[in-house]
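Raw contents of input.tsv, TSV, C-alpha atoms and all ligand atoms:
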```tsv
chain	number	residue	atom	x	y	z
A	15	MET	CA	28.43	62.94	60.88
A	16	ILE	CA	25.18	64.85	61.40
A	17	LYS	CA	22.78	63.61	58.77
A	18	LYS	CA	20.81	66.10	56.71
A	19	HIS	CA	17.01	66.04	56.86
A	20	ILE	CA	15.65	65.49	53.38
A	21	TYR	CA	11.96	65.53	52.53
A	22	ILE	CA	10.76	63.18	49.79
A	23	LEU	CA	7.68	64.45	47.95
A	24	ALA	CA	6.18	61.72	45.77
A	25	THR	CA	4.02	62.42	42.74
A	26	GLY	CA	3.88	59.02	40.98
A	27	GLY	CA	5.52	58.13	37.68
A	28	THR	CA	7.30	55.02	36.51
A	29	ILE	CA	9.57	55.06	39.55
A	30	ALA	CA	6.38	54.12	41.42
A	31	GLY	CA	5.09	51.94	38.57
A	32	ARG	CA	3.85	48.37	38.77
A	33	ALA	CA	3.87	46.06	35.73
A	34	ALA	CA	2.42	42.60	35.17
A	35	SER	CA	5.81	40.93	34.78
A	36	GLU	CA	9.46	41.55	35.64
A	37	GLU	CA	10.24	41.76	31.95
A	38	ALA	CA	7.69	44.47	31.18
A	39	THR	CA	9.20	47.95	30.84
A	40	THR	CA	6.23	49.58	29.10
A	41	GLY	CA	2.47	49.21	29.55
A	42	TYR	CA	2.57	49.40	33.36
A	43	GLU	CA	0.53	51.31	35.91
A	44	ALA	CA	2.47	54.46	36.80
A	45	GLY	CA	2.19	55.84	40.34
A	46	ALA	CA	0.87	52.59	41.85
A	47	ILE	CA	3.46	52.38	44.66
A	48	GLY	CA	3.35	54.77	47.62
A	49	VAL	CA	6.23	56.80	49.02
A	50	ALA	CA	6.65	54.57	52.10
A	51	ASP	CA	7.26	51.53	49.88
A	52	LEU	CA	9.60	53.49	47.61
A	53	LEU	CA	11.72	54.41	50.62
A	54	ALA	CA	11.53	50.93	52.14
A	55	ALA	CA	12.98	49.52	48.93
A	56	VAL	CA	16.18	51.57	49.37
A	57	PRO	CA	17.22	51.26	53.03
A	58	GLU	CA	20.72	52.51	52.06
A	59	ILE	CA	19.25	56.03	51.87
A	60	ARG	CA	19.15	56.26	55.66
A	61	ARG	CA	22.93	55.89	55.79
A	62	TYR	CA	23.20	59.32	54.22
A	63	ALA	CA	20.14	61.28	55.35
A	64	GLU	CA	17.17	61.37	57.64
A	65	VAL	CA	14.25	61.12	55.27
A	66	GLU	CA	10.57	61.77	55.58
A	67	GLY	CA	8.09	60.94	52.83
A	68	GLU	CA	4.93	62.70	51.76
A	69	GLN	CA	2.56	61.76	48.95
A	70	ILE	CA	1.60	64.82	46.90
A	71	ALA	CA	-0.01	62.94	44.00
A	72	ALA	CA	0.03	59.46	42.46
A	73	ILE	CA	-0.17	60.03	38.73
A	74	ASP	CA	1.47	59.22	35.45
A	75	SER	CA	3.20	62.51	34.76
A	76	LYS	CA	1.51	62.75	31.37
A	77	ASP	CA	-1.46	63.85	33.50
A	78	MET	CA	0.45	66.56	35.37
A	79	ARG	CA	-1.83	69.53	36.09
A	80	GLU	CA	-1.08	73.08	37.15
A	81	VAL	CA	-2.88	72.52	40.46
A	82	ILE	CA	-0.21	69.97	41.35
A	83	TRP	CA	2.54	72.39	40.25
A	84	LEU	CA	1.04	75.03	42.51
A	85	ARG	CA	0.74	72.53	45.39
A	86	LEU	CA	4.37	71.46	44.89
A	87	ALA	CA	5.64	75.04	44.79
A	88	ALA	CA	3.72	75.92	47.96
A	89	ARG	CA	4.92	72.78	49.74
A	90	CYS	CA	8.57	73.31	48.72
A	91	ASN	CA	8.50	76.96	49.80
A	92	ALA	CA	6.94	76.05	53.16
A	93	LEU	CA	9.24	73.10	53.88
A	94	LEU	CA	12.44	74.87	52.88
A	95	SER	CA	11.67	77.86	55.08
A	96	ARG	CA	11.91	75.47	58.04
A	97	GLU	CA	15.26	75.28	59.78
A	98	ASP	CA	15.00	71.53	60.28
A	99	VAL	CA	14.60	70.76	56.54
A	100	ASP	CA	17.82	70.72	54.49
A	101	GLY	CA	16.57	69.72	51.07
A	102	ILE	CA	13.84	68.11	49.01
A	103	VAL	CA	13.72	65.20	46.58
A	104	ILE	CA	10.67	64.97	44.33
A	105	THR	CA	9.88	61.64	42.71
A	106	HIS	CA	8.15	62.30	39.40
A	107	GLY	CA	7.34	60.68	36.08
A	108	THR	CA	9.89	61.51	33.42
A	109	ASP	CA	7.41	62.61	30.74
A	110	THR	CA	6.80	66.08	32.16
A	111	MET	CA	9.68	66.22	34.65
A	112	GLU	CA	11.44	68.92	32.62
A	113	GLU	CA	8.40	71.22	32.92
A	114	THR	CA	7.71	70.68	36.61
A	115	ALA	CA	11.40	71.13	37.39
A	116	TYR	CA	11.59	74.42	35.48
A	117	PHE	CA	8.37	75.67	37.07
A	118	LEU	CA	9.80	75.04	40.55
A	119	HIS	CA	13.20	76.48	39.50
A	120	LEU	CA	11.39	79.80	38.95
A	121	THR	CA	8.86	79.72	41.80
A	122	VAL	CA	10.61	78.23	44.84
A	123	HIS	CA	12.64	80.81	46.70
A	124	SER	CA	15.34	78.96	48.58
A	125	GLU	CA	19.03	78.19	48.28
A	126	LYS	CA	18.44	74.70	49.64
A	127	PRO	CA	18.64	71.83	47.14
A	128	ILE	CA	15.57	70.55	45.32
A	129	VAL	CA	16.18	67.45	43.23
A	130	LEU	CA	13.74	65.73	40.88
A	131	THR	CA	14.23	62.09	40.07
A	132	GLY	CA	12.30	59.27	38.45
A	133	ALA	CA	12.84	56.09	36.52
A	134	MET	CA	12.49	54.64	33.07
A	135	ARG	CA	11.71	51.11	34.27
A	136	PRO	CA	8.84	50.36	36.65
A	137	ALA	CA	9.65	49.38	40.22
A	138	THR	CA	8.64	45.78	39.46
A	139	ALA	CA	11.07	45.39	36.54
A	140	MET	CA	14.23	43.35	36.54
A	141	SER	CA	17.12	45.85	36.90
A	142	ALA	CA	14.75	48.67	37.81
A	143	ASP	CA	16.60	52.00	37.76
A	144	GLY	CA	14.41	53.73	40.36
A	145	PRO	CA	16.20	52.63	43.55
A	146	MET	CA	19.64	53.80	42.38
A	147	ASN	CA	18.17	57.05	41.02
A	148	LEU	CA	16.41	57.72	44.33
A	149	LEU	CA	19.57	57.03	46.31
A	150	GLN	CA	21.60	59.32	44.02
A	151	ALA	CA	18.97	62.05	44.25
A	152	VAL	CA	19.08	61.96	48.06
A	153	ARG	CA	22.88	62.05	48.00
A	154	VAL	CA	22.76	65.13	45.77
A	155	ALA	CA	20.07	66.82	47.89
A	156	ALA	CA	22.22	66.22	50.98
A	157	ASP	CA	25.36	67.61	49.33
A	158	ASP	CA	26.51	71.12	50.34
A	159	GLU	CA	27.61	71.78	46.75
A	160	ALA	CA	24.03	71.40	45.49
A	161	ALA	CA	22.91	74.51	47.37
A	162	GLY	CA	22.22	77.64	45.32
A	163	LYS	CA	22.18	75.79	41.99
A	164	GLY	CA	18.42	75.89	41.54
A	165	VAL	CA	16.29	72.85	40.89
A	166	LEU	CA	18.20	69.81	39.68
A	167	ILE	CA	17.28	66.66	37.78
A	168	VAL	CA	19.23	63.57	38.79
A	169	LEU	CA	18.82	60.35	36.80
A	170	ASN	CA	21.19	57.67	35.59
A	171	GLY	CA	24.20	59.22	37.26
A	172	THR	CA	23.92	62.73	35.83
A	173	ILE	CA	23.06	66.03	37.53
A	174	GLU	CA	21.33	68.50	35.23
A	175	SER	CA	19.84	71.95	35.64
A	176	ALA	CA	16.04	72.18	35.53
A	177	ARG	CA	16.35	74.95	32.95
A	178	ASP	CA	18.27	72.90	30.45
A	179	ALA	CA	17.44	69.22	30.91
A	180	VAL	CA	15.08	67.56	28.44
A	181	LYS	CA	13.84	64.02	28.00
A	182	THR	CA	15.47	62.89	24.76
A	183	HIS	CA	14.60	59.21	24.49
A	184	THR	CA	11.29	57.38	24.82
A	185	THR	CA	12.60	54.40	26.78
A	186	SER	CA	16.36	54.58	27.38
A	187	LEU	CA	17.60	54.93	30.98
A	188	ASP	CA	19.98	57.62	29.74
A	189	THR	CA	17.18	59.89	28.57
A	190	PHE	CA	17.85	63.28	30.21
A	191	ARG	CA	20.30	65.55	28.43
A	192	SER	CA	21.00	69.26	28.38
A	193	PRO	CA	21.61	69.68	24.65
A	194	GLU	CA	23.26	73.11	24.64
A	195	MET	CA	24.82	73.23	28.09
A	196	GLY	CA	25.72	69.72	29.15
A	197	ALA	CA	25.22	68.31	32.63
A	198	LEU	CA	26.24	70.24	35.76
A	199	GLY	CA	27.84	67.18	37.25
A	200	SER	CA	27.58	63.48	37.85
A	201	VAL	CA	27.23	60.95	40.62
A	202	GLN	CA	30.05	58.41	40.76
A	203	ASP	CA	29.96	55.56	43.28
A	204	GLY	CA	27.25	57.50	45.09
A	205	GLU	CA	29.31	60.67	45.35
A	206	PRO	CA	28.04	63.84	43.65
A	207	VAL	CA	30.62	65.88	41.71
A	208	PHE	CA	29.80	69.31	40.27
A	209	TYR	CA	31.61	71.03	37.40
A	210	ARG	CA	29.33	73.98	36.58
A	211	SER	CA	26.65	76.24	37.97
A	212	PRO	CA	23.65	77.68	36.11
A	213	LEU	CA	24.01	81.41	35.40
A	214	ARG	CA	20.44	82.27	34.39
A	215	ARG	CA	18.18	83.51	37.20
A	216	HIS	CA	16.34	81.03	39.39
A	217	THR	CA	14.98	80.42	42.91
A	218	VAL	CA	16.13	83.23	45.23
A	219	HIS	CA	16.87	85.50	42.24
A	220	SER	CA	13.59	84.80	40.50
A	221	ALA	CA	10.99	87.57	40.48
A	222	PHE	CA	8.17	85.09	39.89
A	223	SER	CA	5.86	84.10	42.70
A	224	VAL	CA	2.81	81.85	42.68
A	225	LYS	CA	1.83	82.59	46.27
A	226	GLY	CA	-1.96	82.85	46.35
A	227	VAL	CA	-2.19	82.00	42.63
A	228	THR	CA	-4.92	79.46	41.85
A	229	ALA	CA	-4.71	79.30	38.05
A	230	LEU	CA	-2.06	80.00	35.43
A	231	PRO	CA	-2.67	81.83	32.14
A	232	ARG	CA	-3.66	79.51	29.31
A	233	VAL	CA	-0.83	79.07	26.80
A	234	ALA	CA	-0.97	76.78	23.76
A	235	ILE	CA	1.93	75.13	21.97
A	236	LEU	CA	1.50	74.81	18.20
A	237	TYR	CA	3.87	72.51	16.33
A	238	ALA	CA	5.16	73.54	12.88
A	239	HIS	CA	4.97	71.23	9.89
A	240	ALA	CA	5.24	71.42	6.12
A	241	ASP	CA	2.16	73.04	4.58
A	242	ASP	CA	1.07	74.52	7.93
A	243	ASP	CA	-1.50	77.20	7.10
A	244	GLY	CA	-1.94	78.37	10.68
A	245	PHE	CA	-5.53	77.18	11.19
A	246	LEU	CA	-4.76	76.16	14.79
A	247	VAL	CA	-3.94	79.77	15.70
A	248	ALA	CA	-7.66	80.55	15.48
A	249	ALA	CA	-8.40	77.54	17.71
A	250	ALA	CA	-5.98	78.86	20.35
A	251	GLN	CA	-7.60	82.29	20.18
A	252	LYS	CA	-11.07	80.76	20.49
A	253	ALA	CA	-9.92	78.74	23.52
A	254	GLY	CA	-9.00	81.98	25.30
A	255	CYS	CA	-5.22	81.54	25.21
A	256	GLN	CA	-3.24	84.51	26.49
A	257	GLY	CA	-0.11	83.15	24.88
A	258	ILE	CA	1.01	80.89	22.04
A	259	VAL	CA	4.36	79.13	21.79
A	260	TYR	CA	5.06	78.25	18.18
A	261	ALA	CA	7.42	75.27	17.89
A	262	GLY	CA	8.84	76.51	14.62
A	263	MET	CA	11.33	75.02	12.20
A	264	GLY	CA	15.08	75.31	12.79
A	265	ASN	CA	15.86	78.74	14.22
A	266	GLY	CA	12.20	79.35	15.12
A	267	SER	CA	11.23	79.85	11.48
A	268	ILE	CA	7.53	80.33	10.83
A	269	PRO	CA	5.80	79.53	7.52
A	270	GLU	CA	4.40	82.70	5.89
A	271	ARG	CA	0.71	81.87	6.35
A	272	VAL	CA	1.26	81.00	10.01
A	273	GLU	CA	3.19	84.22	10.51
A	274	THR	CA	0.22	86.19	9.21
A	275	ALA	CA	-2.15	84.39	11.60
A	276	LEU	CA	0.22	84.80	14.55
A	277	ALA	CA	0.77	88.50	13.75
A	278	GLU	CA	-3.01	89.01	13.93
A	279	ALA	CA	-3.13	87.16	17.26
A	280	ALA	CA	-0.25	89.29	18.60
A	281	ALA	CA	-2.03	92.46	17.45
A	282	GLU	CA	-4.99	91.34	19.56
A	283	GLY	CA	-2.76	91.08	22.62
A	284	ILE	CA	-1.77	87.40	22.60
A	285	ALA	CA	1.90	86.90	23.52
A	286	VAL	CA	3.65	84.89	20.81
A	287	VAL	CA	6.91	83.04	21.52
A	288	ARG	CA	9.00	81.44	18.78
A	289	SER	CA	10.58	78.19	19.94
A	290	THR	CA	11.77	75.29	17.81
A	291	ARG	CA	10.91	71.72	16.99
A	292	SER	CA	14.68	71.07	16.59
A	293	ALA	CA	16.17	69.08	19.44
A	294	ALA	CA	18.94	71.55	20.25
A	295	GLY	CA	20.09	75.11	19.70
A	296	ARG	CA	19.16	78.68	20.48
A	297	VAL	CA	16.33	80.49	18.75
A	298	THR	CA	17.68	83.94	17.92
A	299	ARG	CA	15.73	87.13	17.29
A	300	ALA	CA	16.44	86.57	13.58
A	301	GLU	CA	14.22	88.30	11.06
A	302	ALA	CA	13.04	91.88	11.35
A	303	SER	CA	9.45	90.90	10.58
A	304	TYR	CA	9.32	88.66	13.65
A	305	GLU	CA	10.43	91.55	15.82
A	306	ALA	CA	8.02	93.93	14.14
A	307	ASN	CA	5.16	91.51	14.76
A	308	GLY	CA	6.05	91.47	18.46
A	309	PHE	CA	7.16	87.84	18.53
A	310	ILE	CA	9.49	86.80	21.35
A	311	ALA	CA	12.45	84.43	20.80
A	312	SER	CA	12.62	81.48	23.22
A	313	ASP	CA	16.43	81.44	23.47
A	314	THR	CA	17.40	77.83	24.30
A	315	LEU	CA	14.09	76.93	25.93
A	316	ASN	CA	12.27	74.13	24.15
A	317	PRO	CA	8.52	74.62	23.55
A	318	ALA	CA	7.44	72.98	26.84
A	319	LYS	CA	9.82	75.09	28.93
A	320	ALA	CA	9.06	78.25	26.95
A	321	ARG	CA	5.39	77.65	27.79
A	322	VAL	CA	6.22	77.52	31.53
A	323	LEU	CA	8.16	80.78	31.41
A	324	LEU	CA	5.48	82.48	29.33
A	325	GLN	CA	2.76	81.41	31.79
A	326	LEU	CA	4.73	82.90	34.67
A	327	ALA	CA	5.57	86.03	32.66
A	328	LEU	CA	1.89	86.57	31.84
A	329	LEU	CA	1.03	86.51	35.54
A	330	LYS	CA	3.06	89.71	35.80
A	331	THR	CA	2.68	91.52	32.50
A	332	SER	CA	1.50	91.36	28.90
A	333	ASP	CA	4.11	93.87	27.72
A	334	THR	CA	6.18	92.36	24.89
A	335	ALA	CA	9.41	94.19	25.76
A	336	SER	CA	9.26	93.04	29.39
A	337	ILE	CA	8.54	89.44	28.39
A	338	ARG	CA	11.42	89.58	25.88
A	339	THR	CA	13.73	90.63	28.70
A	340	MET	CA	12.52	87.69	30.83
A	341	PHE	CA	13.40	85.29	28.01
A	342	SER	CA	16.93	86.65	28.05
A	343	ILE	CA	17.54	86.41	31.80
A	344	TYR	CA	15.70	83.25	32.97
B	1	LIG	N1	9.34	57.01	32.78
B	1	LIG	C1	8.24	57.62	33.20
B	1	LIG	O1	8.16	58.05	34.32
B	1	LIG	C2	7.13	57.77	32.19
B	1	LIG	C3	5.74	57.86	32.78
B	1	LIG	N2	4.77	57.83	31.72
B	1	LIG	C4	5.54	59.14	33.57
B	1	LIG	O2	5.94	60.18	33.14
B	1	LIG	O3	4.90	59.10	34.59
```

Could you take the file, read its structure, and then write that structure out as structure tokens?
Ligand SMILES: NC(=O)C[C@H](N)C(=O)O
Amino acid sequence: MIKKHIYILATGGTIAGRAASEEATTGYEAGAIGVADLLAAVPEIRRYAEVEGEQIAAIDSKDMREVIWLRLAARCNALLSREDVDGIVITHGTDTMEETAYFLHLTVHSEKPIVLTGAMRPATAMSADGPMNLLQAVRVAADDEAAGKGVLIVLNGTIESARDAVKTHTTSLDTFRSPEMGALGSVQDGEPVFYRSPLRRHTVHSAFSVKGVTALPRVAILYAHADDDGFLVAAAQKAGCQGIVYAGMGNGSIPERVETALAEAAAEGIAVVRSTRSAAGRVTRAEASYEANGFIASDTLNPAKARVLLQLALLKTSDTASIRTMFSIY
């Protein structure tokens, strides 16, 4: 068997975390262990692929910054254009994995597999989940079936699409779920099995490019709550935001006073997307007043993912109708 050549790009996270004791599963130093040690801990990987590691960052993913996203996108595009590279695995903290994955899903233009993985227990913990997750991620990245499916998230035996997967639990190993769509597949006894393919546009069919881009448009997320009077909308405007994602109630519902403030912001040219603070479900175009105000429905994208798409959309246009179309095809 000719082994595939898989690149491992490490960014930190709990998978590279070091805690004071084997029992500690919180309160550790994320990103403390380098990519060479991560790979050395799972020698089984080399049975299935030739791997090469590269350290892109060493952070807790709560501190993920757009400069690292841009670096990752550039590195993935460059590596995957090489004939001798068959796929990429990115080790990443789980806190912002769903955003990084979706960003790359829309900005890397290759059919070759890109798989993000991480861990919920630090590398020093008893029964750490990182080694198995890393092995499964490499097996998926080396699998022919993974090609053309966009960026994938592989953790705890499930294969999910970057568009749909969200972190649903603060500490459980089984934290990533795709609430509306379900997983694309699973990894059983090391073997990846796929059941579905994502239909929304990604990778080679994505019109977004961050080549030469050094900064992304500023987009705020505002979270709805009872008695919200919309005072944070002014703060977002003052901070120079080009877009606001409102994590509304239920089907993207917006309290009246907030709607007034957001309508004013939209009239001034700020793109306003209605997402939801609910854990699952599609935000529909719903009420006529939302449409009239120029608000854009997030479809099934949660606020964090809607923010990613809106940032990329704003690189291309500020036209509401065009951005609305993007939210229905990506
Ligand atoms: N499980 C994890 O990876 C959480 C960690 N705080 C991170 O996102 O880097």

Spatial neighbours of segment 85-90 of chain A, 12 Å, all atoms listed in the file, chain gap at least 5 places, as a ChimeraX atom specification: /A:20-25,68-71,78-80,95-96,99-106,114-130,165,217,222-229

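Between atom CA of Thr339 of chain A and atom CA of Ala197 of chain A there is a distance of 25.4 Å.
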
9 Å shell around ligand LIG 1 (chain B) using only C-alpha atoms and all ligand atoms, listed as number ranges by chain: A: 25-31, 40, 42-45, 73-78, 106-111, 132-136, 184-185, 187

Who sits within 12 Å of Ser303 of chain A, only C-alpha atoms, same chain under 2 positions skipped, as a ChimeraX atom specification: /A:267-268,270,273-274,276-277,299-301,305-310

Which residue of A:Thr39, A:Val201, A:Val65, A:Lys18 approaches Glu97 of chain A most closely, using all atoms listed in the file: A:Lys18

Test item: residues at most 10 Å from segment 287-297 of chain A, only C-alpha atoms, excluding those fewer than 6 positions along its chain, as a ChimeraX atom specification: /A:180,182,192-195,235-239,257-268,276,280,304,308-321,324,334,337-338,341

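Atom CA of Tyr209 of chain A to atom CA of Asn170 of chain A spans 17.0 Å [interatomic distance, one decimal].
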
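The gap separating atom CA of Gly196 of chain A from atom CA of Arg210 of chain A is 9.3 Å, in Å to one decimal.
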
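With all atoms listed in the file as the atoms that count, the minimum distance from Ala38 of chain A to the choices A:Met146, A:Ile82, A:Tyr62, A:Thr138 is reached by A:Thr138.
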
Point (23.8, 71.7, 45.0), cut-off 9 Å, counting all atoms listed in the file, residues as a count of residues only: 20

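You can rank A:Leu169, A:Ala54, A:Pro145, A:Ala253 by their closest distance to Ser186 of chain A using all atoms listed in the file, and at the top of that list sits A:Leu169.
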
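Closest approach to Leu149 of chain A from the set A:His219, A:Arg61, A:Arg214, A:His183 is made by A:Arg61, with distances taken over all atoms listed in the file.
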
Residue among A:Leu230, A:Leu326, A:Ala249, A:Ala137 lying closest to Leu52 of chain A, counting only C-alpha atoms: A:Ala137
